[in-house]
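**Student:** See target_16.pdb below, with PDB, C-alpha atoms, pLDDT in the B column.
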ATOM      1  CA  MET A   1       0.000   0.000   0.000  1.00 48.00           C
ATOM      2  CA  THR A   2       1.360   3.415  -0.876  1.00 50.00           C
ATOM      3  CA  THR A   3       0.364   6.645   0.718  1.00 55.00           C
ATOM      4  CA  THR A   4       0.239  10.098  -0.704  1.00 58.00           C
ATOM      5  CA  PRO A   5       2.067  12.740   1.331  1.00 65.00           C
ATOM      6  CA  SER A   6      -0.277  15.080   3.124  1.00 70.00           C
ATOM      7  CA  THR A   7      -0.919  18.527   1.723  1.00 82.00           C
ATOM      8  CA  GLN A   8      -2.672  19.701   4.887  1.00 90.00           C
ATOM      9  CA  PRO A   9      -1.169  22.612   6.833  1.00 95.00           C
ATOM     10  CA  ILE A  10       1.012  21.565   9.771  1.00 97.00           C
ATOM     11  CA  SER A  11      -0.543  24.133  12.132  1.00 97.00           C
ATOM     12  CA  ARG A  12      -3.242  26.753  12.345  1.00 97.00           C
ATOM     13  CA  PHE A  13      -0.458  29.252  13.140  1.00 97.00           C
ATOM     14  CA  ALA A  14       2.091  30.484  10.637  1.00 94.00           C
ATOM     15  CA  HIS A  15       5.562  29.048  11.017  1.00 94.00           C
ATOM     16  CA  PRO A  16       8.789  30.684   9.889  1.00 94.00           C
ATOM     17  CA  GLU A  17      11.046  29.441   7.135  1.00 96.00           C
ATOM     18  CA  ILE A  18      14.083  27.594   8.486  1.00 97.00           C
ATOM     19  CA  ALA A  19      16.488  29.945   6.708  1.00 97.00           C
ATOM     20  CA  GLY A  20      15.045  32.953   8.562  1.00 97.00           C
ATOM     21  CA  LEU A  21      15.322  31.491  12.066  1.00 98.00           C
ATOM     22  CA  PRO A  22      17.875  32.546  14.681  1.00 98.00           C
ATOM     23  CA  ASP A  23      21.101  30.600  14.183  1.00 98.00           C
ATOM     24  CA  ASP A  24      20.804  28.379  17.285  1.00 98.00           C
ATOM     25  CA  ILE A  25      17.282  27.277  16.375  1.00 98.00           C
ATOM     26  CA  ARG A  26      18.140  26.775  12.710  1.00 98.00           C
ATOM     27  CA  GLN A  27      21.167  24.646  13.649  1.00 98.00           C
ATOM     28  CA  ARG A  28      19.095  22.501  16.004  1.00 98.00           C
ATOM     29  CA  ILE A  29      16.432  21.904  13.364  1.00 98.00           C
ATOM     30  CA  LEU A  30      19.006  21.051  10.697  1.00 98.00           C
ATOM     31  CA  ALA A  31      20.729  18.619  13.100  1.00 98.00           C
ATOM     32  CA  VAL A  32      17.403  16.859  13.724  1.00 98.00           C
ATOM     33  CA  GLN A  33      16.768  16.745   9.982  1.00 98.00           C
ATOM     34  CA  ASP A  34      20.214  15.221   9.369  1.00 98.00           C
ATOM     35  CA  LYS A  35      19.597  12.553  12.020  1.00 96.00           C
ATOM     36  CA  SER A  36      16.002  11.625  11.168  1.00 96.00           C
ATOM     37  CA  GLY A  37      15.772  12.497   7.476  1.00 97.00           C
ATOM     38  CA  PHE A  38      12.924  14.978   8.008  1.00 98.00           C
ATOM     39  CA  VAL A  39      11.988  17.943  10.196  1.00 98.00           C
ATOM     40  CA  PRO A  40       9.396  16.994  12.811  1.00 98.00           C
ATOM     41  CA  ASN A  41       6.588  19.530  12.613  1.00 98.00           C
ATOM     42  CA  VAL A  42       6.841  20.359  16.318  1.00 98.00           C
ATOM     43  CA  PHE A  43      10.113  22.154  15.619  1.00 98.00           C
ATOM     44  CA  LEU A  44       8.604  24.301  12.902  1.00 98.00           C
ATOM     45  CA  VAL A  45       5.410  25.084  14.797  1.00 98.00           C
ATOM     46  CA  LEU A  46       7.163  26.045  18.042  1.00 98.00           C
ATOM     47  CA  ALA A  47       9.714  28.152  16.130  1.00 98.00           C
ATOM     48  CA  HIS A  48       6.805  30.618  15.773  1.00 97.00           C
ATOM     49  CA  ARG A  49       8.055  31.951  19.132  1.00 98.00           C
ATOM     50  CA  PRO A  50      11.835  31.504  19.403  1.00 98.00           C
ATOM     51  CA  ASP A  51      12.187  32.212  23.142  1.00 98.00           C
ATOM     52  CA  GLU A  52       9.471  29.698  23.974  1.00 98.00           C
ATOM     53  CA  PHE A  53      11.041  27.200  21.533  1.00 98.00           C
ATOM     54  CA  ARG A  54      14.310  27.419  23.451  1.00 98.00           C
ATOM     55  CA  ALA A  55      12.639  27.025  26.846  1.00 98.00           C
ATOM     56  CA  PHE A  56      10.462  24.135  25.660  1.00 98.00           C
ATOM     57  CA  PHE A  57      13.313  22.123  24.192  1.00 98.00           C
ATOM     58  CA  ALA A  58      15.670  22.850  27.094  1.00 98.00           C
ATOM     59  CA  TYR A  59      13.141  21.322  29.511  1.00 98.00           C
ATOM     60  CA  HIS A  60      12.293  18.520  27.051  1.00 98.00           C
ATOM     61  CA  ASP A  61      15.957  17.558  26.796  1.00 98.00           C
ATOM     62  CA  ALA A  62      16.494  17.779  30.561  1.00 98.00           C
ATOM     63  CA  LEU A  63      13.649  15.290  31.083  1.00 98.00           C
ATOM     64  CA  MET A  64      14.002  12.941  28.146  1.00 98.00           C
ATOM     65  CA  ASP A  65      17.778  12.693  27.692  1.00 96.00           C
ATOM     66  CA  LYS A  66      18.907  12.328  31.304  1.00 94.00           C
ATOM     67  CA  GLN A  67      20.420   9.247  32.879  1.00 93.00           C
ATOM     68  CA  GLY A  68      18.457   7.555  35.611  1.00 93.00           C
ATOM     69  CA  ASN A  69      16.357   4.605  36.661  1.00 96.00           C
ATOM     70  CA  LEU A  70      13.915   5.143  33.782  1.00 98.00           C
ATOM     71  CA  SER A  71      15.007   3.877  30.382  1.00 98.00           C
ATOM     72  CA  LYS A  72      14.530   6.079  27.335  1.00 98.00           C
ATOM     73  CA  ALA A  73      11.801   3.672  26.176  1.00 98.00           C
ATOM     74  CA  GLU A  74      10.007   3.997  29.533  1.00 98.00           C
ATOM     75  CA  ARG A  75      10.158   7.776  29.270  1.00 98.00           C
ATOM     76  CA  GLU A  76       8.501   7.489  25.854  1.00 98.00           C
ATOM     77  CA  MET A  77       5.851   5.146  27.314  1.00 98.00           C
ATOM     78  CA  ILE A  78       4.920   7.917  29.743  1.00 98.00           C
ATOM     79  CA  VAL A  79       4.602  10.375  26.858  1.00 98.00           C
ATOM     80  CA  VAL A  80       2.458   8.038  24.769  1.00 98.00           C
ATOM     81  CA  ALA A  81       0.129   7.029  27.621  1.00 98.00           C
ATOM     82  CA  THR A  82      -0.428  10.564  28.907  1.00 98.00           C
ATOM     83  CA  SER A  83      -0.739  11.986  25.399  1.00 98.00           C
ATOM     84  CA  SER A  84      -3.407   9.399  24.646  1.00 98.00           C
ATOM     85  CA  ALA A  85      -5.326  10.444  27.766  1.00 98.00           C
ATOM     86  CA  ASN A  86      -5.028  14.066  26.628  1.00 98.00           C
ATOM     87  CA  GLN A  87      -6.163  13.137  23.095  1.00 98.00           C
ATOM     88  CA  CYS A  88      -3.042  14.584  21.491  1.00 98.00           C
ATOM     89  CA  GLN A  89      -2.722  13.080  18.050  1.00 98.00           C
ATOM     90  CA  TYR A  90       0.647  14.686  17.347  1.00 98.00           C
ATOM     91  CA  CYS A  91       2.360  13.384  20.473  1.00 98.00           C
ATOM     92  CA  VAL A  92       0.818   9.903  20.321  1.00 98.00           C
ATOM     93  CA  VAL A  93       1.938   9.491  16.712  1.00 98.00           C
ATOM     94  CA  ALA A  94       5.375  11.125  17.028  1.00 98.00           C
ATOM     95  CA  HIS A  95       6.339   9.654  20.385  1.00 98.00           C
ATOM     96  CA  GLY A  96       4.737   6.349  19.460  1.00 98.00           C
ATOM     97  CA  ALA A  97       7.255   6.174  16.617  1.00 98.00           C
ATOM     98  CA  ILE A  98      10.107   6.986  18.992  1.00 98.00           C
ATOM     99  CA  LEU A  99       8.820   4.362  21.454  1.00 98.00           C
ATOM    100  CA  ARG A 100       8.751   1.715  18.713  1.00 98.00           C
ATOM    101  CA  VAL A 101      12.366   2.513  17.877  1.00 97.00           C
ATOM    102  CA  ARG A 102      13.637   2.735  21.468  1.00 97.00           C
ATOM    103  CA  ALA A 103      11.796  -0.392  22.651  1.00 97.00           C
ATOM    104  CA  ARG A 104      12.573  -2.243  19.423  1.00 97.00           C
ATOM    105  CA  ASN A 105       8.961  -3.373  19.471  1.00 96.00           C
ATOM    106  CA  PRO A 106       6.566  -2.427  16.648  1.00 95.00           C
ATOM    107  CA  LEU A 107       3.450  -3.293  18.708  1.00 96.00           C
ATOM    108  CA  LEU A 108       4.161  -1.606  22.025  1.00 97.00           C
ATOM    109  CA  ALA A 109       3.316   1.997  21.156  1.00 97.00           C
ATOM    110  CA  ASP A 110      -0.121   1.103  19.816  1.00 97.00           C
ATOM    111  CA  GLN A 111      -0.847  -1.023  22.888  1.00 98.00           C
ATOM    112  CA  VAL A 112       0.220   1.754  25.273  1.00 98.00           C
ATOM    113  CA  ALA A 113      -1.708   4.407  23.347  1.00 98.00           C
ATOM    114  CA  ILE A 114      -4.941   2.445  23.332  1.00 98.00           C
ATOM    115  CA  ASN A 115      -4.871   0.929  26.838  1.00 98.00           C
ATOM    116  CA  TYR A 116      -1.563   0.567  28.664  1.00 98.00           C
ATOM    117  CA  ARG A 117      -3.278  -1.631  31.305  1.00 98.00           C
ATOM    118  CA  LYS A 118      -3.623  -4.354  28.675  1.00 98.00           C
ATOM    119  CA  ALA A 119      -0.258  -3.725  26.998  1.00 98.00           C
ATOM    120  CA  ASP A 120       2.587  -6.224  27.059  1.00 97.00           C
ATOM    121  CA  ILE A 121       4.531  -4.350  29.731  1.00 98.00           C
ATOM    122  CA  SER A 122       5.859  -5.300  33.154  1.00 98.00           C
ATOM    123  CA  PRO A 123       3.998  -4.690  36.443  1.00 98.00           C
ATOM    124  CA  ARG A 124       6.724  -2.103  37.205  1.00 98.00           C
ATOM    125  CA  GLN A 125       5.913  -0.224  34.004  1.00 98.00           C
ATOM    126  CA  LYS A 126       2.173  -0.410  34.713  1.00 98.00           C
ATOM    127  CA  ALA A 127       2.768   1.140  38.150  1.00 98.00           C
ATOM    128  CA  MET A 128       4.865   3.853  36.479  1.00 99.00           C
ATOM    129  CA  LEU A 129       2.082   4.617  33.995  1.00 98.00           C
ATOM    130  CA  ASP A 130      -0.613   4.502  36.674  1.00 98.00           C
ATOM    131  CA  PHE A 131       1.290   7.226  38.525  1.00 98.00           C
ATOM    132  CA  ALA A 132       1.925   9.220  35.318  1.00 98.00           C
ATOM    133  CA  LEU A 133      -1.774   9.154  34.431  1.00 98.00           C
ATOM    134  CA  LYS A 134      -2.763  10.183  37.944  1.00 98.00           C
ATOM    135  CA  VAL A 135      -0.397  13.146  37.659  1.00 98.00           C
ATOM    136  CA  SER A 136      -1.852  13.962  34.243  1.00 97.00           C
ATOM    137  CA  THR A 137      -5.515  13.729  35.174  1.00 97.00           C
ATOM    138  CA  GLN A 138      -5.763  14.001  38.977  1.00 98.00           C
ATOM    139  CA  SER A 139      -2.569  15.555  40.321  1.00 98.00           C
ATOM    140  CA  HIS A 140      -4.512  17.031  43.225  1.00 98.00           C
ATOM    141  CA  CYS A 141      -5.138  13.465  44.451  1.00 98.00           C
ATOM    142  CA  VAL A 142      -1.495  12.317  44.524  1.00 98.00           C
ATOM    143  CA  ASP A 143      -0.604  11.198  48.054  1.00 98.00           C
ATOM    144  CA  GLU A 144       1.970   9.154  49.966  1.00 98.00           C
ATOM    145  CA  GLN A 145       0.261   5.907  49.021  1.00 98.00           C
ATOM    146  CA  ASP A 146       1.159   6.608  45.376  1.00 98.00           C
ATOM    147  CA  PHE A 147       4.813   6.949  46.346  1.00 98.00           C
ATOM    148  CA  ASP A 148       4.583   3.727  48.369  1.00 98.00           C
ATOM    149  CA  VAL A 149       3.273   1.832  45.330  1.00 98.00           C
ATOM    150  CA  LEU A 150       6.117   3.183  43.218  1.00 98.00           C
ATOM    151  CA  ALA A 151       8.633   2.146  45.896  1.00 98.00           C
ATOM    152  CA  GLN A 152       7.233  -1.393  45.860  1.00 98.00           C
ATOM    153  CA  HIS A 153       8.217  -1.500  42.186  1.00 98.00           C
ATOM    154  CA  GLY A 154      11.728  -0.149  42.721  1.00 98.00           C
ATOM    155  CA  PHE A 155      11.126   3.536  42.044  1.00 98.00           C
ATOM    156  CA  ASP A 156      12.628   6.065  44.458  1.00 98.00           C
ATOM    157  CA  ARG A 157      11.569   9.679  45.058  1.00 98.00           C
ATOM    158  CA  GLU A 158      13.780  10.969  42.226  1.00 98.00           C
ATOM    159  CA  ASP A 159      12.152   8.497  39.834  1.00 98.00           C
ATOM    160  CA  ALA A 160       8.730   9.696  40.985  1.00 98.00           C
ATOM    161  CA  TRP A 161       9.816  13.260  40.235  1.00 98.00           C
ATOM    162  CA  ASP A 162      10.937  12.191  36.746  1.00 98.00           C
ATOM    163  CA  ILE A 163       7.653  10.396  36.040  1.00 98.00           C
ATOM    164  CA  ALA A 164       5.627  13.361  37.288  1.00 98.00           C
ATOM    165  CA  ALA A 165       7.727  15.916  35.411  1.00 98.00           C
ATOM    166  CA  ILE A 166       7.446  14.045  32.109  1.00 98.00           C
ATOM    167  CA  SER A 167       3.697  13.675  32.564  1.00 98.00           C
ATOM    168  CA  ALA A 168       3.283  17.343  33.487  1.00 98.00           C
ATOM    169  CA  PHE A 169       5.551  18.636  30.721  1.00 98.00           C
ATOM    170  CA  PHE A 170       3.701  16.656  28.097  1.00 98.00           C
ATOM    171  CA  GLY A 171       0.421  17.959  29.467  1.00 98.00           C
ATOM    172  CA  LEU A 172       1.683  21.350  28.300  1.00 98.00           C
ATOM    173  CA  SER A 173       2.948  19.913  25.042  1.00 98.00           C
ATOM    174  CA  ASN A 174      -0.345  18.088  24.382  1.00 98.00           C
ATOM    175  CA  ARG A 175      -2.375  21.199  24.963  1.00 98.00           C
ATOM    176  CA  MET A 176      -0.217  23.344  22.692  1.00 98.00           C
ATOM    177  CA  ALA A 177      -0.235  20.671  19.976  1.00 98.00           C
ATOM    178  CA  ASN A 178      -4.032  20.501  20.182  1.00 98.00           C
ATOM    179  CA  VAL A 179      -4.521  24.292  20.199  1.00 98.00           C
ATOM    180  CA  THR A 180      -2.149  24.793  17.277  1.00 98.00           C
ATOM    181  CA  SER A 181      -3.705  21.815  15.445  1.00 98.00           C
ATOM    182  CA  MET A 182      -0.193  20.429  14.996  1.00 98.00           C
ATOM    183  CA  ARG A 183      -0.169  17.728  12.353  1.00 98.00           C
ATOM    184  CA  PRO A 184       2.056  14.663  12.741  1.00 98.00           C
ATOM    185  CA  ASN A 185       4.571  14.176   9.959  1.00 98.00           C
ATOM    186  CA  ASP A 186       3.629  11.346   7.623  1.00 97.00           C
ATOM    187  CA  GLU A 187       7.052   9.774   8.282  1.00 97.00           C
ATOM    188  CA  PHE A 188       6.149   9.044  11.910  1.00 98.00           C
ATOM    189  CA  TYR A 189       3.401   6.588  10.995  1.00 97.00           C
ATOM    190  CA  THR A 190       5.759   3.980   9.578  1.00 96.00           C
ATOM    191  CA  LEU A 191       8.877   4.635  11.656  1.00 96.00           C
ATOM    192  CA  GLY A 192       9.924   1.594  13.673  1.00 95.00           C
ATOM    193  CA  ARG A 193       7.385  -0.790  12.153  1.00 93.00           C
TER
END
Show how you would write the structure in this file as structure tokens.
**Tutor:**
Amino acid sequence: MTTTPSTQPISRFAHPEIAGLPDDIRQRILAVQDKSGFVPNVFLVLAHRPDEFRAFFAYHDALMDKQGNLSKAEREMIVVATSSANQCQYCVVAHGAILRVRARNPLLADQVAINYRKADISPRQKAMLDFALKVSTQSHCVDEQDFDVLAQHGFDREDAWDIAAISAFFGLSNRMANVTSMRPNDEFYTLGR
């Protein structure tokens, strides 16, 4: 089956041309393009406001690229599960592709996006996602019992912070992607399959 590339706009907001961007942003986008073979639309859409672009990606990188008790695939699971709960098409599709690649599992992202409780993941990962979803949808209800459950699965307080921060950060990302009507790149749909 072949697909025709989309001709739909990538956002309801105008986005700048790469050549006209500040040098640091242009270099980052070109580096991503060199690595992946395309420019993810999130970079173009958020470049609409350069200062916010810088702040967004600085926090993104601090959360998603750090060393710790959470693997890079588990970090992506958090993004996919919370983005699904927030009905963010862009983040489910884009981070689902990254999850498929990082987990080396073409089925996992779809399972997590639809219902992580039935996905082929470990009890530890289910506890992690339970906490992430509680942060995403009911953060006012988080209590010590939630931390106790995480501890039973080998997560310490710093891990809990990481899970919560990823969930909270992508709550922002999901909302901006939805408001801007950010369209997932066609390339994401087949990546890692």
**Student:** Which residues fall under the PyMOL selection byres ((chain A and resi 151-157) around 8) in this file, as a count of residues only?
**Tutor:** 12
**Student:** Would you pick out the contacts of region 74-88 of chain A at 8 Å or less, using only C-alpha atoms, so that residues sharing its chain but fewer than 6 positions from it are not included, and give the list as a list in words?
**Tutor:** Met64, His95, Gly96, Ile98, Leu99, Ala109, Val112, Ala113, Ile114, Asn115, Tyr116, Gln125, Met128, Leu129, Ala132, Leu133, Ser136, Ile163, Ile166, Ser167, Phe170, Gly171, Asn174, Arg175, Ala177 and Asn178 of chain A
**Student:** What separation in Å, quoted to one decimal, exists between CA of Gln33 (chain A) and CA of Phe188 (chain A)?
**Tutor:** 13.3 Å
**Student:** Here is a test: counting all atoms listed in the file, which residue of A:Asp120, A:Asp24, A:Asp65, A:Asp186 is nearest to Ser6 (chain A)?
**Tutor:**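 So, comparing all the options, the nearest one is A:Asp186.
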**Student:** One decimal, Å: what's the distance from CA of Asn41 (chain A) over to CA of Asn185 (chain A), could you say?
**Tutor:** 6.3 Å
**Student:** For CA of Arg102 (chain A) and CA of Tyr90 (chain A), determine how far apart the two atoms are, in Å to one decimal place.
**Tutor:**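 Taking CA of Arg102 (chain A) as the start and CA of Tyr90 (chain A) as the end point, the length is 18.1 Å.
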**Student:** Going by the chain IDs and residue numbers used in this file, which residues fall under the PyMOL selection byres ((chain A and resi 22) around 12)? Write them as a list in words.
**Tutor:**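 Here the PyMOL selection byres ((chain A and resi 22) around 12) matches Pro16, Glu17, Ile18, Ala19, Gly20, Leu21, Asp23, Asp24, Ile25, Arg26, Gln27, Arg28, Ile29, Ala47, His48, Arg49, Pro50, Asp51, Phe53 and Arg54 of chain A.
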**Student:** Given the file shown, determine the residues that the PyMOL selection byres ((chain A and resi 38-40) around 10) selects; report them as an mmCIF file with C-alpha atoms, in the coordinates of the input.
**Tutor:**
data_model
loop_
_atom_site.group_PDB
_atom_site.id
_atom_site.type_symbol
_atom_site.label_atom_id
_atom_site.label_comp_id
_atom_site.auth_asym_id
_atom_site.auth_seq_id
_atom_site.Cartn_x
_atom_site.Cartn_y
_atom_site.Cartn_z
ATOM 1 C CA ILE A 29 16.432 21.904 13.364
ATOM 2 C CA LEU A 30 19.006 21.051 10.697
ATOM 3 C CA ALA A 31 20.729 18.619 13.100
ATOM 4 C CA VAL A 32 17.403 16.859 13.724
ATOM 5 C CA GLN A 33 16.768 16.745 9.982
ATOM 6 C CA ASP A 34 20.214 15.221 9.369
ATOM 7 C CA LYS A 35 19.597 12.553 12.020
ATOM 8 C CA SER A 36 16.002 11.625 11.168
ATOM 9 C CA GLY A 37 15.772 12.497 7.476
ATOM 10 C CA ASN A 41 6.588 19.530 12.613
ATOM 11 C CA VAL A 42 6.841 20.359 16.318
ATOM 12 C CA PHE A 43 10.113 22.154 15.619
ATOM 13 C CA LEU A 44 8.604 24.301 12.902
ATOM 14 C CA VAL A 45 5.410 25.084 14.797
ATOM 15 C CA ALA A 94 5.375 11.125 17.028
ATOM 16 C CA ARG A 183 -0.169 17.728 12.353
ATOM 17 C CA PRO A 184 2.056 14.663 12.741
ATOM 18 C CA ASN A 185 4.571 14.176 9.959
ATOM 19 C CA ASP A 186 3.629 11.346 7.623
ATOM 20 C CA GLU A 187 7.052 9.774 8.282
ATOM 21 C CA PHE A 188 6.149 9.044 11.910
#
**Student:** Using only C-alpha atoms for the distances, tell me which of A:His60, A:Thr180, A:Ala73, A:His140 is nearest to Ser11 (chain A).
**Tutor:** A:Thr180
**Student:** In terms of the shortest atom-to-atom distance over only C-alpha atoms, which of A:Gln67, A:Thr7, A:Gln145, A:Ser173 is closest to Val92 (chain A)?
**Tutor:**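 For Val92 (chain A), the nearest of the candidates is A:Ser173.
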